[in-house]
Amino acid sequence: MSEETPGFDEKPEVPTGAGADDAEPKAADSSKKEDEAAPAGDKAQDVALLAQLDQARTALGERTADLQRLQAEYQNYRRRVERDRVAVKEIAVASLLTELLPTLDDIGRAREHGELVGGFKSVAESLETAAAKMGLQQFGKEGEPFDPTIHEALMHSYAPDVTETTCVAILQPGYRIGERTIRPARVAVAEPQPGAAPAAKSESGDGDTPSDKDTDAPDKG
């Protein structure tokens with residue numbers, strides 16, 4: 001039984017501490033440099049993104065303003081076209097109905113004389129109904145106050161039973177479409193009798209004279 005020599009089977013210890021210590025500072029330095037470089041790169045990238053975002057917002061605002069302006073112009077165009085269309089329609093309708101007024105006058109005179117009978121009556125009423133559907137309205141009545149904006153006075157007289165200028169006869173009815181007068185009513189007017197009011201006062205004065213004489217009579221006696 002031999003004696004084992006101590007130390008031959010054990011591996012010699014290699015001093016590894018020196019190599020590891022040298023590598024660790026180098027790795028720390030490189031990671032530190034990377035950490036310092038990374039924030040700088042991220043910051044530049046953020047600045048670039050913010051600049052692009054501002055440009056996108058500016059472009060969006062300009063496009064939105066252009067769209068709103070175009071929409072407003074389109075709405076104004078639609079309103080203008082609609083207004084012109086209505087005006088052209090009103091002018092055309094007024095022109096057509098103006099040409100029909102003499103025929104409507106003939107129908108009115110025939111009705112007054114009892115000549116609106118038979119088939120002629122049906123045709124006349126159909127024409128009047130069609131004209132009314134197109135907006136034609138007749139106006140002018142006896143006894144209404146004279147209005148120079150809608151009446152045309154063809155005859156003038158005085159009457160004791162009126163207190164203002166009054167239409168006493170409708171010679172030709174007036175016609176309007178909505179608020180637009182296409183022909184004034186042609187009328188005969190009467191004004192209050194001149195001197196009627198002073199005459200009434202003189203009569204009352206004459207009535208007072210006898211009373212004054214009567215009151216003076218006892219004094220004379």
# chains A, B, ... in the order shown; residues from 1 in each chain; ligands from 1
call {"tool": "residues_around", "arguments": {"residues": "region 161-168 of chain A", "least_positions_apart": "4", "cutoff": "12 Å", "atoms": "only C-alpha atoms", "output": "JSON, numbers by chain"}}
result
{"A": [140, 141, 142, 143, 144, 145, 146, 147, 148, 150, 151, 152, 153, 154, 155, 156, 157, 172, 173, 185, 186, 187, 188, 189, 190, 191, 192, 193, 194, 196, 197]}
call {"tool": "write_last_selection", "arguments": {"atoms": "N, CA and C atoms", "output": "tab-separated table (two decimals), in the first residue's frame"}}
result
chain	number	residue	atom	x	y	z
A	140	GLY	N	-110.20	93.94	-54.76
A	140	GLY	CA	-110.96	95.15	-55.08
A	140	GLY	C	-112.42	94.96	-54.75
A	141	LYS	N	-112.91	95.73	-53.75
A	141	LYS	CA	-114.31	95.65	-53.34
A	141	LYS	C	-114.88	97.05	-53.15
A	142	GLU	N	-116.15	97.18	-53.41
A	142	GLU	CA	-116.80	98.46	-53.18
A	142	GLU	C	-116.87	98.76	-51.69
A	143	GLY	N	-116.64	99.99	-51.34
A	143	GLY	CA	-116.72	100.41	-49.94
A	143	GLY	C	-115.40	100.39	-49.21
A	144	GLU	N	-114.35	99.83	-49.79
A	144	GLU	CA	-113.07	99.82	-49.10
A	144	GLU	C	-112.32	101.14	-49.31
A	145	PRO	N	-111.49	101.55	-48.36
A	145	PRO	CA	-110.75	102.82	-48.52
A	145	PRO	C	-109.84	102.78	-49.74
A	146	PHE	N	-109.70	103.91	-50.37
A	146	PHE	CA	-108.85	104.01	-51.55
A	146	PHE	C	-107.38	103.96	-51.14
A	147	ASP	N	-106.62	103.07	-51.80
A	147	ASP	CA	-105.20	102.91	-51.55
A	147	ASP	C	-104.47	103.08	-52.87
A	148	PRO	N	-103.73	104.15	-53.04
A	148	PRO	CA	-103.08	104.40	-54.34
A	148	PRO	C	-102.05	103.35	-54.73
A	150	ILE	N	-102.57	100.10	-54.62
A	150	ILE	CA	-103.24	98.95	-55.23
A	150	ILE	C	-104.47	99.35	-56.04
A	151	HIS	N	-104.87	100.63	-55.97
A	151	HIS	CA	-106.03	101.11	-56.71
A	151	HIS	C	-105.62	102.16	-57.73
A	152	GLU	N	-106.34	102.18	-58.82
A	152	GLU	CA	-106.17	103.22	-59.84
A	152	GLU	C	-107.52	103.90	-60.05
A	153	ALA	N	-107.60	105.17	-59.68
A	153	ALA	CA	-108.87	105.91	-59.74
A	153	ALA	C	-109.10	106.40	-61.17
A	154	LEU	N	-110.19	105.94	-61.77
A	154	LEU	CA	-110.56	106.38	-63.11
A	154	LEU	C	-111.70	107.39	-63.08
A	155	MET	N	-112.46	107.42	-62.00
A	155	MET	CA	-113.58	108.36	-61.86
A	155	MET	C	-113.55	108.94	-60.46
A	156	HIS	N	-113.98	110.19	-60.35
A	156	HIS	CA	-113.95	110.89	-59.06
A	156	HIS	C	-115.25	111.63	-58.85
A	157	SER	N	-115.74	111.59	-57.61
A	157	SER	CA	-116.97	112.30	-57.27
A	157	SER	C	-116.96	112.61	-55.78
A	172	GLN	N	-112.74	97.60	-62.85
A	172	GLN	CA	-111.96	96.44	-63.27
A	172	GLN	C	-111.26	95.90	-62.04
A	173	PRO	N	-111.43	94.61	-61.73
A	173	PRO	CA	-110.78	94.07	-60.53
A	173	PRO	C	-109.26	94.05	-60.69
A	185	ALA	N	-106.44	97.55	-59.10
A	185	ALA	CA	-107.90	97.60	-59.30
A	185	ALA	C	-108.28	98.99	-59.80
A	186	ARG	N	-109.01	99.04	-60.90
A	186	ARG	CA	-109.45	100.31	-61.48
A	186	ARG	C	-110.83	100.63	-60.92
A	187	VAL	N	-110.93	101.77	-60.25
A	187	VAL	CA	-112.11	102.04	-59.44
A	187	VAL	C	-112.61	103.46	-59.68
A	188	ALA	N	-113.84	103.70	-59.22
A	188	ALA	CA	-114.41	105.04	-59.10
A	188	ALA	C	-114.41	105.39	-57.62
A	189	VAL	N	-113.94	106.58	-57.30
A	189	VAL	CA	-113.81	106.97	-55.90
A	189	VAL	C	-114.71	108.16	-55.60
A	190	ALA	N	-115.03	108.27	-54.33
A	190	ALA	CA	-115.83	109.40	-53.84
A	190	ALA	C	-115.15	109.97	-52.62
A	191	GLU	N	-115.15	111.28	-52.51
A	191	GLU	CA	-114.58	111.98	-51.37
A	191	GLU	C	-115.71	112.64	-50.56
A	192	PRO	N	-115.44	112.98	-49.32
A	192	PRO	CA	-116.48	113.67	-48.52
A	192	PRO	C	-116.92	114.98	-49.19
A	193	GLN	N	-118.18	115.30	-49.04
A	193	GLN	CA	-118.74	116.50	-49.65
A	193	GLN	C	-118.07	117.75	-49.08
A	194	PRO	N	-117.54	118.62	-49.94
A	194	PRO	CA	-116.88	119.83	-49.41
A	194	PRO	C	-117.89	120.72	-48.68
A	196	ALA	N	-119.41	120.15	-45.91
A	196	ALA	CA	-120.44	119.46	-45.13
A	196	ALA	C	-120.24	119.71	-43.64
A	197	ALA	N	-119.01	119.62	-43.16
A	197	ALA	CA	-118.74	119.83	-41.73
A	197	ALA	C	-119.01	121.26	-41.30
call {"tool": "closest_residue", "arguments": {"among": "A:Ala59, A:Ile182, A:Gln137, A:Gly118", "to": "Ile91 (chain A)", "atoms": "only C-alpha atoms"}}
result
A:Ile182
call {"tool": "select_by_dssp", "arguments": {"residues": "region 71-208 of chain A", "states": "alpha helix (DSSP H)", "output": "PyMOL selection string"}}
result
chain A and resi 71-112+118-133+196-208
call {"tool": "residues_around", "arguments": {"residues": "region 120-135 of chain A", "least_positions_apart": "2", "cutoff": "12 Å", "atoms": "only C-alpha atoms", "output": "ChimeraX atom specification"}}
result
/A:89-90,92-101,103-111,114-118,137-138,175-182
call {"tool": "write_last_selection", "arguments": {"atoms": "N, CA, C and O atoms", "output": "compact mmCIF listing (two decimals), in the first residue's frame"}}
result
# COMPACT_ATOMS: atom_id res chain seq x y z
N LYS A 89 -89.26 81.51 -62.46
CA LYS A 89 -90.58 80.89 -62.48
C LYS A 89 -91.67 81.93 -62.22
O LYS A 89 -92.72 81.95 -62.90
N GLU A 90 -91.46 82.81 -61.23
CA GLU A 90 -92.45 83.84 -60.92
C GLU A 90 -92.65 84.79 -62.10
O GLU A 90 -93.78 85.19 -62.41
N ALA A 92 -92.15 84.11 -65.27
CA ALA A 92 -92.85 83.39 -66.34
C ALA A 92 -94.34 83.26 -66.03
O ALA A 92 -95.20 83.47 -66.90
N VAL A 93 -94.66 82.92 -64.78
CA VAL A 93 -96.07 82.77 -64.39
C VAL A 93 -96.78 84.11 -64.47
O VAL A 93 -97.92 84.20 -64.96
N ALA A 94 -96.14 85.18 -63.98
CA ALA A 94 -96.76 86.50 -64.02
C ALA A 94 -96.99 86.94 -65.46
O ALA A 94 -98.04 87.53 -65.79
N SER A 95 -96.04 86.66 -66.35
CA SER A 95 -96.21 87.03 -67.76
C SER A 95 -97.39 86.28 -68.39
O SER A 95 -98.20 86.87 -69.12
N LEU A 96 -97.49 84.98 -68.09
CA LEU A 96 -98.59 84.19 -68.64
C LEU A 96 -99.94 84.68 -68.11
O LEU A 96 -100.89 84.88 -68.88
N LEU A 97 -100.03 84.89 -66.80
CA LEU A 97 -101.31 85.31 -66.22
C LEU A 97 -101.69 86.72 -66.67
O LEU A 97 -102.88 87.03 -66.81
N THR A 98 -100.70 87.58 -66.89
CA THR A 98 -101.01 88.92 -67.40
C THR A 98 -101.68 88.85 -68.76
O THR A 98 -102.60 89.63 -69.06
N GLU A 99 -101.24 87.92 -69.60
CA GLU A 99 -101.87 87.74 -70.90
C GLU A 99 -103.29 87.20 -70.79
O GLU A 99 -104.12 87.42 -71.67
N LEU A 100 -103.58 86.52 -69.67
CA LEU A 100 -104.92 85.95 -69.49
C LEU A 100 -105.91 86.92 -68.85
O LEU A 100 -107.12 86.64 -68.81
N LEU A 101 -105.44 88.06 -68.35
CA LEU A 101 -106.33 88.98 -67.64
C LEU A 101 -107.49 89.49 -68.51
O LEU A 101 -108.63 89.55 -68.01
N THR A 103 -109.05 87.94 -70.84
CA THR A 103 -110.01 86.84 -70.92
C THR A 103 -110.78 86.70 -69.61
O THR A 103 -112.00 86.47 -69.61
N LEU A 104 -110.07 86.83 -68.48
CA LEU A 104 -110.75 86.76 -67.18
C LEU A 104 -111.72 87.92 -67.00
O LEU A 104 -112.79 87.75 -66.40
N ASP A 105 -111.38 89.10 -67.55
CA ASP A 105 -112.31 90.22 -67.50
C ASP A 105 -113.58 89.91 -68.30
O ASP A 105 -114.70 90.22 -67.86
N ASP A 106 -113.41 89.31 -69.47
CA ASP A 106 -114.58 88.94 -70.29
C ASP A 106 -115.45 87.93 -69.56
O ASP A 106 -116.69 88.00 -69.60
N ILE A 107 -114.81 86.99 -68.87
CA ILE A 107 -115.57 85.99 -68.10
C ILE A 107 -116.36 86.68 -66.99
O ILE A 107 -117.53 86.37 -66.73
N GLY A 108 -115.73 87.64 -66.31
CA GLY A 108 -116.42 88.36 -65.24
C GLY A 108 -117.61 89.15 -65.76
O GLY A 108 -118.69 89.14 -65.15
N ARG A 109 -117.46 89.82 -66.90
CA ARG A 109 -118.58 90.57 -67.46
C ARG A 109 -119.71 89.65 -67.91
O ARG A 109 -120.90 89.95 -67.72
N ALA A 110 -119.33 88.50 -68.49
CA ALA A 110 -120.36 87.55 -68.90
C ALA A 110 -121.12 87.01 -67.69
O ALA A 110 -122.35 86.82 -67.74
N ARG A 111 -120.44 86.81 -66.58
CA ARG A 111 -121.10 86.34 -65.36
C ARG A 111 -122.06 87.41 -64.84
O ARG A 111 -123.17 87.09 -64.38
N GLY A 114 -125.25 87.37 -66.77
CA GLY A 114 -125.97 86.11 -66.83
C GLY A 114 -125.72 85.32 -68.11
O GLY A 114 -126.54 84.46 -68.48
N GLU A 115 -124.61 85.59 -68.79
CA GLU A 115 -124.31 84.90 -70.04
C GLU A 115 -123.35 83.73 -69.86
O GLU A 115 -122.99 83.06 -70.83
N LEU A 116 -122.97 83.46 -68.62
CA LEU A 116 -122.02 82.37 -68.36
C LEU A 116 -122.82 81.09 -68.13
O LEU A 116 -123.14 80.71 -66.99
N VAL A 117 -123.17 80.40 -69.22
CA VAL A 117 -124.01 79.20 -69.13
C VAL A 117 -123.43 78.12 -70.03
O VAL A 117 -122.57 78.37 -70.88
N GLY A 118 -123.91 76.89 -69.80
CA GLY A 118 -123.56 75.77 -70.67
C GLY A 118 -122.09 75.43 -70.62
O GLY A 118 -121.41 75.51 -69.58
N GLN A 137 -104.64 85.96 -57.54
CA GLN A 137 -105.66 86.38 -56.59
C GLN A 137 -106.31 87.67 -57.07
O GLN A 137 -105.62 88.61 -57.48
N GLN A 138 -107.64 87.72 -56.99
CA GLN A 138 -108.38 88.92 -57.38
C GLN A 138 -108.65 89.77 -56.15
O GLN A 138 -108.89 89.25 -55.06
N TYR A 175 -105.45 92.27 -59.71
CA TYR A 175 -104.92 90.92 -59.56
C TYR A 175 -103.51 91.00 -58.99
O TYR A 175 -102.74 91.91 -59.31
N ARG A 176 -103.19 90.01 -58.15
CA ARG A 176 -101.86 89.90 -57.57
C ARG A 176 -101.43 88.44 -57.54
O ARG A 176 -102.27 87.53 -57.56
N ILE A 177 -100.13 88.24 -57.46
CA ILE A 177 -99.54 86.92 -57.26
C ILE A 177 -98.70 87.02 -55.99
O ILE A 177 -97.65 87.65 -55.98
N GLY A 178 -99.19 86.41 -54.92
CA GLY A 178 -98.52 86.56 -53.64
C GLY A 178 -98.61 88.01 -53.18
O GLY A 178 -99.69 88.57 -53.03
N GLU A 179 -97.45 88.65 -52.98
CA GLU A 179 -97.42 90.06 -52.58
C GLU A 179 -97.18 90.98 -53.78
O GLU A 179 -97.10 92.20 -53.62
N ARG A 180 -97.07 90.41 -54.96
CA ARG A 180 -96.76 91.19 -56.15
C ARG A 180 -98.04 91.54 -56.91
O ARG A 180 -98.78 90.65 -57.33
N THR A 181 -98.30 92.82 -57.08
CA THR A 181 -99.47 93.27 -57.83
C THR A 181 -99.15 93.31 -59.31
O THR A 181 -98.20 94.00 -59.72
N ILE A 182 -99.91 92.56 -60.11
CA ILE A 182 -99.66 92.57 -61.56
C ILE A 182 -100.63 93.50 -62.29
O ILE A 182 -100.40 93.87 -63.44
call {"tool": "select_by_dssp", "arguments": {"residues": "region 9-186 of chain A", "states": "strand (DSSP E)", "output": "PyMOL selection string"}}
result
chain A and resi 136-139+151-159+166-172+174-177+180-183+185-186
call {"tool": "atom_distance", "arguments": {"atom1": "CA of Leu136 (chain A)", "atom2": "CA of Gly174 (chain A)"}}
result
10.2 Å
call {"tool": "atom_distance", "arguments": {"atom1": "CA of Val88 (chain A)", "atom2": "CA of Arg183 (chain A)"}}
result
19.2 Å
call {"tool": "atom_distance", "arguments": {"atom1": "CA of Tyr158 (chain A)", "atom2": "CA of Leu171 (chain A)"}}
result
17.4 Å
